[in-house]
>>> print(open('structure07.csv').read())   # CSV, C-alpha atoms
chain,number,residue,atom,x,y,z
A,1,MET,CA,-84.5,-33.6,-183.4
A,2,SER,CA,-81.8,-31.2,-182.3
A,3,THR,CA,-81.1,-28.0,-184.3
A,4,GLU,CA,-77.5,-27.4,-185.3
A,5,THR,CA,-76.5,-23.8,-184.9
A,6,LYS,CA,-73.3,-22.1,-185.8
A,7,THR,CA,-72.3,-21.3,-182.3
A,8,THR,CA,-68.6,-21.3,-182.7
A,9,GLY,CA,-68.5,-17.9,-184.5
A,10,GLU,CA,-70.3,-15.5,-182.1
A,11,THR,CA,-68.0,-15.2,-179.1
A,12,ARG,CA,-64.4,-15.1,-180.4
A,13,PRO,CA,-61.3,-14.1,-178.6
A,14,ASP,CA,-59.3,-11.6,-180.6
A,15,THR,CA,-57.3,-13.6,-183.2
A,16,ALA,CA,-55.6,-10.6,-184.7
A,17,GLY,CA,-52.2,-12.2,-183.7
A,18,TYR,CA,-52.2,-14.9,-186.3
A,19,VAL,CA,-49.8,-14.6,-189.2
A,20,TYR,CA,-49.1,-16.7,-192.3
A,21,GLU,CA,-46.5,-18.7,-190.5
A,22,ASP,CA,-49.1,-19.9,-188.0
A,23,LEU,CA,-51.1,-21.6,-190.7
A,24,SER,CA,-49.0,-24.8,-191.1
A,25,ARG,CA,-49.3,-25.4,-187.3
A,26,LEU,CA,-53.1,-24.8,-187.6
A,27,MET,CA,-53.2,-27.3,-190.5
A,28,THR,CA,-51.3,-30.0,-188.6
A,29,LEU,CA,-54.0,-29.8,-185.9
A,30,MET,CA,-56.2,-31.6,-188.5
A,31,THR,CA,-55.1,-35.0,-189.4
A,32,GLY,CA,-55.8,-37.9,-191.8
A,33,ASP,CA,-56.4,-36.3,-195.2
A,34,GLU,CA,-53.3,-37.3,-197.0
A,35,LYS,CA,-55.3,-38.0,-200.2
A,36,HIS,CA,-56.3,-34.4,-200.5
A,37,SER,CA,-53.3,-32.8,-198.9
A,38,PHE,CA,-51.7,-31.6,-202.2
A,39,SER,CA,-54.8,-29.8,-203.4
A,40,ALA,CA,-55.2,-28.3,-200.0
A,41,THR,CA,-51.7,-26.9,-200.1
A,42,SER,CA,-52.2,-25.3,-203.5
A,43,THR,CA,-55.1,-23.1,-202.1
A,44,LEU,CA,-53.4,-22.0,-198.9
A,45,ASP,CA,-51.5,-19.0,-200.2
A,46,VAL,CA,-54.5,-17.7,-202.2
A,47,VAL,CA,-57.0,-18.1,-199.4
A,48,TRP,CA,-54.7,-16.6,-196.8
A,49,THR,CA,-53.9,-13.5,-199.0
A,50,LEU,CA,-57.6,-13.1,-199.8
A,51,TYR,CA,-58.7,-13.1,-196.1
A,52,ASP,CA,-55.6,-11.1,-194.9
A,53,ARG,CA,-55.5,-8.4,-197.6
A,54,VAL,CA,-58.7,-8.3,-199.7
A,55,MET,CA,-61.8,-9.7,-198.1
A,56,ARG,CA,-64.1,-7.4,-196.1
A,57,PHE,CA,-65.7,-9.4,-193.3
A,58,ASP,CA,-66.6,-9.4,-189.7
A,59,ALA,CA,-66.1,-12.7,-188.0
A,60,THR,CA,-68.7,-11.9,-185.3
A,61,LYS,CA,-71.3,-11.1,-188.0
A,62,SER,CA,-71.0,-13.6,-190.7
A,63,ASP,CA,-74.3,-12.6,-192.4
A,64,ASP,CA,-73.4,-8.9,-192.7
A,65,PRO,CA,-75.0,-7.8,-196.0
A,66,ASN,CA,-72.0,-5.8,-197.0
A,67,ARG,CA,-69.5,-8.6,-196.5
A,68,TYR,CA,-67.5,-9.8,-199.3
A,69,ARG,CA,-68.8,-13.3,-200.2
A,70,PHE,CA,-66.1,-16.0,-200.7
A,71,LEU,CA,-67.2,-19.2,-202.4
A,72,LEU,CA,-64.8,-22.1,-202.1
A,73,SER,CA,-65.8,-24.3,-205.0
A,74,LYS,CA,-62.8,-26.4,-204.6
A,75,TRP,CA,-63.8,-28.3,-201.5
A,76,HIS,CA,-61.3,-31.1,-201.7
A,77,GLY,CA,-58.8,-30.7,-198.9
A,78,PRO,CA,-60.6,-28.0,-196.9
A,79,MET,CA,-57.8,-27.9,-194.3
A,80,ALA,CA,-56.4,-24.7,-195.8
A,81,TYR,CA,-59.7,-23.0,-195.6
A,82,TYR,CA,-60.4,-24.1,-192.1
A,83,ALA,CA,-57.0,-22.9,-191.0
A,84,VAL,CA,-57.6,-19.5,-192.5
A,85,LEU,CA,-61.0,-19.3,-190.9
A,86,ALA,CA,-59.5,-20.1,-187.5
A,87,ALA,CA,-56.7,-17.5,-188.0
A,88,LYS,CA,-59.4,-14.9,-188.8
A,89,GLY,CA,-61.7,-15.6,-185.9
A,90,PHE,CA,-64.5,-17.6,-187.5
A,91,LEU,CA,-63.3,-20.9,-185.8
A,92,ASP,CA,-61.5,-22.0,-182.7
A,93,GLU,CA,-58.3,-24.0,-182.7
A,94,GLU,CA,-60.3,-26.6,-180.7
A,95,ASP,CA,-62.6,-26.9,-183.7
A,96,LEU,CA,-59.7,-27.8,-185.9
A,97,GLN,CA,-58.5,-30.5,-183.5
A,98,ASN,CA,-61.9,-32.2,-183.8
A,99,TRP,CA,-62.0,-31.9,-187.6
A,100,ALA,CA,-63.7,-34.9,-189.4
A,101,LEU,CA,-64.5,-36.6,-186.1
A,102,TYR,CA,-68.0,-37.9,-185.7
A,103,ASP,CA,-69.5,-34.8,-183.9
A,104,SER,CA,-67.5,-32.2,-185.5
A,105,ASN,CA,-69.0,-29.3,-187.4
A,106,LEU,CA,-66.0,-29.4,-189.7
A,107,GLY,CA,-66.2,-32.2,-192.3
A,108,GLN,CA,-64.0,-33.6,-195.1
A,109,HIS,CA,-66.5,-31.7,-197.4
A,110,PRO,CA,-67.6,-28.6,-195.5
A,111,ASP,CA,-71.3,-28.1,-194.6
A,112,ALA,CA,-72.0,-24.4,-195.0
A,113,THR,CA,-74.9,-24.5,-192.6
A,114,LEU,CA,-72.4,-25.5,-189.8
A,115,ILE,CA,-69.4,-23.3,-190.6
A,116,PRO,CA,-69.4,-19.6,-189.8
A,117,GLY,CA,-68.2,-17.6,-192.8
A,118,ALA,CA,-68.8,-20.3,-195.4
A,119,GLU,CA,-71.2,-19.3,-198.1
A,120,ILE,CA,-71.7,-22.6,-199.8
A,121,GLY,CA,-71.2,-26.3,-199.3
A,122,SER,CA,-70.0,-28.5,-202.1
A,123,GLY,CA,-69.1,-32.0,-203.0
A,124,SER,CA,-69.5,-32.2,-206.7
A,125,LEU,CA,-67.0,-29.7,-208.2
A,126,GLY,CA,-67.8,-27.0,-210.6
A,127,HIS,CA,-71.0,-25.5,-209.1
A,128,GLY,CA,-69.7,-22.6,-207.1
A,129,LEU,CA,-69.1,-20.2,-210.0
A,130,GLY,CA,-72.7,-20.6,-211.2
A,131,ILE,CA,-74.0,-19.8,-207.7
A,132,GLY,CA,-71.6,-16.8,-207.6
A,133,VAL,CA,-73.0,-15.5,-210.9
A,134,GLY,CA,-76.5,-15.6,-209.4
A,135,MET,CA,-75.3,-13.9,-206.2
A,136,ALA,CA,-73.5,-11.2,-208.1
A,137,ALA,CA,-76.6,-10.7,-210.3
A,138,ALA,CA,-78.8,-10.5,-207.3
A,139,LEU,CA,-76.6,-7.9,-205.5
A,140,ARG,CA,-76.6,-5.7,-208.6
A,141,LEU,CA,-80.4,-6.1,-208.9
A,142,LYS,CA,-80.9,-5.2,-205.3
A,143,GLY,CA,-78.7,-2.1,-205.6
A,144,GLN,CA,-75.9,-3.3,-203.4
A,145,PRO,CA,-72.7,-2.3,-205.1
A,146,ALA,CA,-70.3,-2.7,-202.2
A,147,PRO,CA,-69.9,-6.5,-201.8
A,148,ARG,CA,-67.7,-8.5,-204.0
A,149,VAL,CA,-68.3,-12.2,-204.8
A,150,VAL,CA,-65.0,-14.1,-205.0
A,151,CYS,CA,-65.1,-17.8,-206.1
A,152,LEU,CA,-62.1,-20.1,-205.9
A,153,LEU,CA,-62.3,-22.9,-208.4
A,154,GLY,CA,-60.2,-25.6,-209.9
A,155,ASP,CA,-60.0,-26.2,-213.7
A,156,GLU,CA,-63.2,-28.2,-214.1
A,157,GLY,CA,-65.0,-27.9,-217.4
A,158,SER,CA,-68.5,-27.3,-215.9
A,159,ASN,CA,-67.5,-23.7,-215.1
A,160,TYR,CA,-67.8,-22.8,-218.8
A,161,GLU,CA,-71.5,-21.9,-218.7
A,162,ALA,CA,-71.0,-19.7,-215.7
A,163,LEU,CA,-68.0,-17.8,-217.0
A,164,SER,CA,-69.6,-17.1,-220.3
A,165,VAL,CA,-72.8,-15.7,-218.9
A,166,ALA,CA,-70.9,-13.6,-216.3
A,167,GLY,CA,-69.0,-12.0,-219.1
A,168,ARG,CA,-72.2,-11.3,-221.1
A,169,MET,CA,-73.9,-9.8,-218.1
A,170,GLY,CA,-70.9,-7.6,-217.2
A,171,LEU,CA,-70.8,-8.7,-213.5
A,172,GLY,CA,-67.9,-6.6,-212.5
A,173,ARG,CA,-68.1,-7.4,-208.8
A,174,LEU,CA,-67.6,-11.1,-209.4
A,175,THR,CA,-64.1,-12.5,-209.3
A,176,ALA,CA,-63.0,-16.1,-210.2
A,177,ILE,CA,-59.7,-17.5,-209.0
A,178,VAL,CA,-58.6,-20.6,-210.8
A,179,ILE,CA,-55.9,-22.7,-209.2
A,180,ASP,CA,-54.2,-24.6,-212.0
A,181,ASN,CA,-52.4,-27.5,-210.4
A,182,GLN,CA,-52.3,-29.3,-213.7
A,183,SER,CA,-54.5,-32.1,-212.4
A,184,ALA,CA,-57.1,-31.9,-215.2
A,185,SER,CA,-56.4,-34.5,-218.0
A,186,ARG,CA,-56.2,-33.0,-221.6
A,187,GLY,CA,-55.1,-29.6,-220.3
A,188,TRP,CA,-56.1,-26.2,-221.6
A,189,PRO,CA,-54.6,-25.3,-224.9
A,190,GLY,CA,-54.0,-21.6,-225.0
A,191,GLY,CA,-54.2,-21.4,-221.2
A,192,ILE,CA,-57.0,-20.9,-218.7
A,193,ALA,CA,-56.9,-17.1,-218.7
A,194,GLU,CA,-57.5,-16.9,-222.4
A,195,ARG,CA,-60.9,-18.6,-221.9
A,196,PHE,CA,-62.0,-15.9,-219.5
A,197,ARG,CA,-60.6,-13.1,-221.6
A,198,THR,CA,-62.5,-14.3,-224.7
A,199,GLU,CA,-65.7,-14.1,-222.6
A,200,GLY,CA,-65.1,-10.5,-221.6
A,201,TRP,CA,-63.3,-10.9,-218.2
A,202,SER,CA,-60.3,-9.0,-217.1
A,203,THR,CA,-57.6,-11.5,-216.3
A,204,ALA,CA,-54.3,-11.9,-214.6
A,205,THR,CA,-52.0,-14.9,-214.3
A,206,VAL,CA,-49.8,-15.0,-211.2
A,207,ASP,CA,-47.6,-17.3,-209.2
A,208,GLY,CA,-50.0,-18.9,-206.7
A,209,ARG,CA,-47.4,-18.6,-203.9
A,210,ASP,CA,-46.6,-14.9,-204.3
A,211,HIS,CA,-48.8,-13.0,-201.9
A,212,ASP,CA,-48.0,-9.5,-203.3
A,213,ALA,CA,-48.8,-10.6,-206.8
A,214,ILE,CA,-52.0,-12.3,-205.7
A,215,GLU,CA,-53.1,-9.2,-203.8
A,216,ALA,CA,-52.3,-6.9,-206.8
A,217,ALA,CA,-54.2,-9.1,-209.2
A,218,LEU,CA,-57.2,-9.1,-206.9
A,219,THR,CA,-57.3,-5.4,-206.3
A,220,VAL,CA,-56.5,-4.0,-209.7
A,221,PRO,CA,-59.2,-1.6,-211.0
A,222,HIS,CA,-61.0,-2.9,-214.1
B,1,MET,CA,-109.1,-23.1,-224.1
B,2,THR,CA,-106.3,-21.8,-221.9
B,3,THR,CA,-103.2,-24.0,-222.2
B,4,MET,CA,-100.9,-24.8,-219.3
B,5,ARG,CA,-98.3,-22.6,-220.9
B,6,ASP,CA,-100.6,-19.6,-221.2
B,7,ARG,CA,-101.7,-19.9,-217.6
B,8,PHE,CA,-98.2,-20.2,-216.3
B,9,THR,CA,-97.1,-17.2,-218.3
B,10,ARG,CA,-99.9,-15.1,-216.9
B,11,VAL,CA,-99.5,-16.2,-213.3
B,12,ALA,CA,-95.7,-15.9,-213.3
B,13,GLY,CA,-96.0,-12.5,-214.8
B,14,GLN,CA,-98.5,-11.5,-212.1
B,15,LEU,CA,-96.1,-12.8,-209.4
B,16,LEU,CA,-93.4,-10.6,-210.8
B,17,ASP,CA,-95.7,-7.6,-210.9
B,18,GLU,CA,-96.9,-8.1,-207.3
B,19,THR,CA,-93.8,-9.4,-205.4
B,20,GLN,CA,-90.6,-7.5,-205.7
B,21,ASN,CA,-88.2,-10.4,-204.8
B,22,VAL,CA,-89.6,-12.9,-207.4
B,23,ALA,CA,-87.4,-13.6,-210.4
B,24,LEU,CA,-87.7,-15.8,-213.4
B,25,VAL,CA,-84.7,-17.8,-214.7
B,26,LEU,CA,-84.9,-19.2,-218.2
B,27,ALA,CA,-82.6,-21.1,-220.6
B,28,ASP,CA,-84.1,-19.9,-223.9
B,29,ILE,CA,-87.1,-22.2,-223.6
B,30,GLY,CA,-90.1,-20.0,-222.8
B,31,SER,CA,-88.4,-16.7,-223.3
B,32,SER,CA,-90.5,-15.8,-226.4
B,33,GLN,CA,-93.8,-16.3,-224.6
B,34,PHE,CA,-92.7,-14.0,-221.7
B,35,GLU,CA,-91.6,-11.4,-224.2
B,36,ALA,CA,-94.8,-11.7,-226.1
B,37,ALA,CA,-96.8,-11.2,-222.9
B,38,GLY,CA,-94.8,-8.1,-222.0
B,39,VAL,CA,-93.4,-9.6,-218.8
B,40,THR,CA,-89.8,-9.3,-219.9
B,41,ALA,CA,-90.3,-5.6,-220.8
B,42,ARG,CA,-91.9,-4.8,-217.5
B,43,HIS,CA,-89.2,-6.6,-215.4
B,44,PRO,CA,-86.0,-6.7,-217.5
B,45,ASP,CA,-83.8,-7.2,-214.5
B,46,ARG,CA,-85.9,-10.0,-212.9
B,47,VAL,CA,-86.5,-12.1,-216.1
B,48,ILE,CA,-83.1,-13.6,-216.7
B,49,ASN,CA,-82.4,-15.7,-219.8
B,50,VAL,CA,-79.0,-17.5,-219.4
B,51,GLY,CA,-79.2,-19.1,-222.9
B,52,ILE,CA,-79.0,-22.8,-223.4
B,53,ARG,CA,-77.2,-23.5,-220.2
B,54,GLU,CA,-79.3,-25.6,-217.8
B,55,GLN,CA,-76.4,-26.4,-215.5
B,56,LEU,CA,-75.8,-22.7,-214.9
B,57,MET,CA,-79.6,-22.0,-214.7
B,58,ILE,CA,-79.9,-24.0,-211.5
B,59,GLY,CA,-76.7,-22.6,-209.9
B,60,PHE,CA,-77.8,-19.1,-210.9
B,61,ALA,CA,-81.1,-19.6,-209.2
B,62,ALA,CA,-79.4,-20.9,-206.1
B,63,GLY,CA,-77.3,-17.7,-206.0
B,64,LEU,CA,-80.3,-15.5,-206.4
B,65,ALA,CA,-82.0,-17.4,-203.5
B,66,LYS,CA,-79.0,-17.1,-201.3
B,67,GLU,CA,-79.3,-13.3,-201.7
B,68,GLY,CA,-83.0,-13.3,-200.7
B,69,LEU,CA,-84.8,-13.5,-204.0
B,70,ARG,CA,-87.4,-16.1,-204.9
B,71,PRO,CA,-86.4,-17.5,-208.3
B,72,ILE,CA,-88.8,-19.5,-210.5
B,73,VAL,CA,-86.8,-21.8,-212.8
B,74,HIS,CA,-88.7,-22.7,-216.0
B,75,THR,CA,-87.7,-25.2,-218.6
B,76,TYR,CA,-88.6,-28.6,-220.0
B,77,THR,CA,-89.3,-31.3,-217.4
B,78,PRO,CA,-86.1,-33.3,-217.1
B,79,PHE,CA,-84.0,-30.2,-216.5
B,80,PRO,CA,-85.6,-28.6,-213.4
B,81,VAL,CA,-86.2,-32.1,-212.0
B,82,GLU,CA,-82.8,-33.6,-212.5
B,83,ARG,CA,-80.2,-30.8,-212.6
B,84,PRO,CA,-80.8,-29.8,-209.0
B,85,PHE,CA,-79.9,-33.3,-207.8
B,86,GLU,CA,-76.3,-32.3,-208.3
>>> encode(input="structure07.csv", output="structure tokens")
Amino acid sequence: MSTETKTTGETRPDTAGYVYEDLSRLMTLMTGDEKHSFSATSTLDVVWTLYDRVMRFDATKSDDPNRYRFLLSKWHGPMAYYAVLAAKGFLDEEDLQNWALYDSNLGQHPDATLIPGAEIGSGSLGHGLGIGVGMAAALRLKGQPAPRVVCLLGDEGSNYEALSVAGRMGLGRLTAIVIDNQSASRGWPGGIAERFRTEGWSTATVDGRDHDAIEAALTVPH
Amino acid sequence: MTTMRDRFTRVAGQLLDETQNVALVLADIGSSQFEAAGVTARHPDRVINVGIREQLMIGFAAGLAKEGLRPIVHTYTPFPVERPFE
């Protein structure tokens, strides 16, 4: 049995030259996921702004204990995430071209054991925030105040348990970003942010395409 | 006669005493027995009761494990067996 290792992350050329405008070209290197393309696009601006302006990471040391942990709990349409990982040095452009092919490390639902920089894999939605709550609790318990845990999720109902306990535990280093692309039936009377606010979170609602607003919302002291 | 519950409480408490990265994750069930045995008081940060939220309980334990802790999840049989399948 062969052992898969995350070899694509360790020796990176300098990718500091990538800008936001490169991302659509990087995404077109991946093909064939028309079903998920809408949800992929709705995450692109947020994930880019996160990695470009907020996240603390080292692409050559993806297990650095002080790294910010990003949990993509919205795995449908991972092209945006892979494109950003390539732009930030975790992946090669060649990796993107092989996306979803038989031997590729990059799947239609990412495998976190194969992708440098990915904290979790997922398939069923709505699990990432719970894992993020556990990670944030562990970091506090271990006396590691520096890292943040940032979870990107859709508006699936199973996040309720996680968001209520996170509020009760006062996990200030945990951030949840909810993309509301209005795909959930029955909607959210009163709005999504209000659910979090009731449970003790600080909240902000911004235009998901406005990078400055996203950065401000993610870096405001609370 | 020692019941299974008594034995588990004693051994889990001992593990928490002896090993610094062991944690116990509960969803209300069992919380009173660990309080009565003094385990919760000795390790308030490593005995975590999430309330009646078994979905979260499993994800929470996964998050602890990802950060190097060794969580013990305790609840009634169907939950620790079937929730992790997701």
>>> residues_around(input="structure07.csv", residues="A:Lys88", least_positions_apart="3", cutoff="12 Å", atoms="only C-alpha atoms", output="number ranges by chain")
A: 9, 12-20, 22-23, 26, 47-53, 55-60, 62, 81-85, 91-93, 116-117
>>> closest_residue(input="structure07.csv", among="A:Leu174, A:Val54, A:Val149, A:Ala86", to="A:Ile214", atoms="only C-alpha atoms")
A:Val54
>>> residues_around(input="structure07.csv", residues="stretch 31-42 of chain B", least_positions_apart="3", cutoff="12 Å", atoms="all atoms listed in the file", output="number ranges by chain")
B: 5-18, 23-28, 45-52, 73-75
>>> closest_residue(input="structure07.csv", among="A:Leu141, A:Val206, A:Leu44, A:Ile177", to="B:Pro44", atoms="only C-alpha atoms")
A:Leu141
>>> residues_around(input="structure07.csv", residues="A:Val220", least_positions_apart="6", cutoff="12 Å", atoms="all atoms listed in the file", output="PDB file with C-alpha atoms, in the coordinates of the input")
ATOM      1  CA  VAL A  54     -58.700  -8.300-199.700  1.00  0.00           C
ATOM      2  CA  THR A 175     -64.100 -12.500-209.300  1.00  0.00           C
ATOM      3  CA  SER A 202     -60.300  -9.000-217.100  1.00  0.00           C
ATOM      4  CA  THR A 203     -57.600 -11.500-216.300  1.00  0.00           C
ATOM      5  CA  ALA A 204     -54.300 -11.900-214.600  1.00  0.00           C
ATOM      6  CA  ASP A 212     -48.000  -9.500-203.300  1.00  0.00           C
ATOM      7  CA  ALA A 213     -48.800 -10.600-206.800  1.00  0.00           C
ATOM      8  CA  ILE A 214     -52.000 -12.300-205.700  1.00  0.00           C
TER       9      ILE A 214
END
>>> interface_residues(input="structure07.csv", of="chain B", to="chain A", cutoff="9 Å", atoms="all atoms listed in the file", output="list of chain:residue names")
B:Asn21, B:Asp45, B:Arg46, B:Val50, B:Gly51, B:Ile52, B:Arg53, B:Glu54, B:Gln55, B:Leu56, B:Met57, B:Ile58, B:Gly59, B:Phe60, B:Ala61, B:Ala62, B:Gly63, B:Leu64, B:Ala65, B:Lys66, B:Glu67, B:Gly68, B:Leu69, B:Glu86
>>> write_last_selection(input="structure07.csv", atoms="C-alpha atoms", output="mmCIF file, in the frame of the given file")
data_model
loop_
_atom_site.group_PDB
_atom_site.id
_atom_site.type_symbol
_atom_site.label_atom_id
_atom_site.label_comp_id
_atom_site.auth_asym_id
_atom_site.auth_seq_id
_atom_site.Cartn_x
_atom_site.Cartn_y
_atom_site.Cartn_z
ATOM 1 C CA ASN B 21 -88.200 -10.400 -204.800
ATOM 2 C CA ASP B 45 -83.800 -7.200 -214.500
ATOM 3 C CA ARG B 46 -85.900 -10.000 -212.900
ATOM 4 C CA VAL B 50 -79.000 -17.500 -219.400
ATOM 5 C CA GLY B 51 -79.200 -19.100 -222.900
ATOM 6 C CA ILE B 52 -79.000 -22.800 -223.400
ATOM 7 C CA ARG B 53 -77.200 -23.500 -220.200
ATOM 8 C CA GLU B 54 -79.300 -25.600 -217.800
ATOM 9 C CA GLN B 55 -76.400 -26.400 -215.500
ATOM 10 C CA LEU B 56 -75.800 -22.700 -214.900
ATOM 11 C CA MET B 57 -79.600 -22.000 -214.700
ATOM 12 C CA ILE B 58 -79.900 -24.000 -211.500
ATOM 13 C CA GLY B 59 -76.700 -22.600 -209.900
ATOM 14 C CA PHE B 60 -77.800 -19.100 -210.900
ATOM 15 C CA ALA B 61 -81.100 -19.600 -209.200
ATOM 16 C CA ALA B 62 -79.400 -20.900 -206.100
ATOM 17 C CA GLY B 63 -77.300 -17.700 -206.000
ATOM 18 C CA LEU B 64 -80.300 -15.500 -206.400
ATOM 19 C CA ALA B 65 -82.000 -17.400 -203.500
ATOM 20 C CA LYS B 66 -79.000 -17.100 -201.300
ATOM 21 C CA GLU B 67 -79.300 -13.300 -201.700
ATOM 22 C CA GLY B 68 -83.000 -13.300 -200.700
ATOM 23 C CA LEU B 69 -84.800 -13.500 -204.000
ATOM 24 C CA GLU B 86 -76.300 -32.300 -208.300
#
>>> closest_residue(input="structure07.csv", among="A:Ala216, A:Ser24, A:Arg148, A:Gly172", to="A:Phe70", atoms="all atoms listed in the file")
A:Arg148
>>> closest_residue(input="structure07.csv", among="A:Arg209, A:Lys61, A:Arg25, A:His222", to="A:Leu171", atoms="only C-alpha atoms")
A:His222
>>> closest_residue(input="structure07.csv", among="A:Glu21, A:Asn105, A:Pro78, A:Asp155", to="A:Trp188", atoms="only C-alpha atoms")
A:Asp155
>>> atom_distance(input="structure07.csv", atom1="atom CA of A:Leu29", atom2="atom CA of A:Gln97")
5.1 Å
>>> atom_distance(input="structure07.csv", atom1="atom CA of A:Glu94", atom2="atom CA of A:Ala112")
18.6 Å
>>> atom_distance(input="structure07.csv", atom1="atom CA of A:Met30", atom2="atom CA of A:Asn98")
7.4 Å
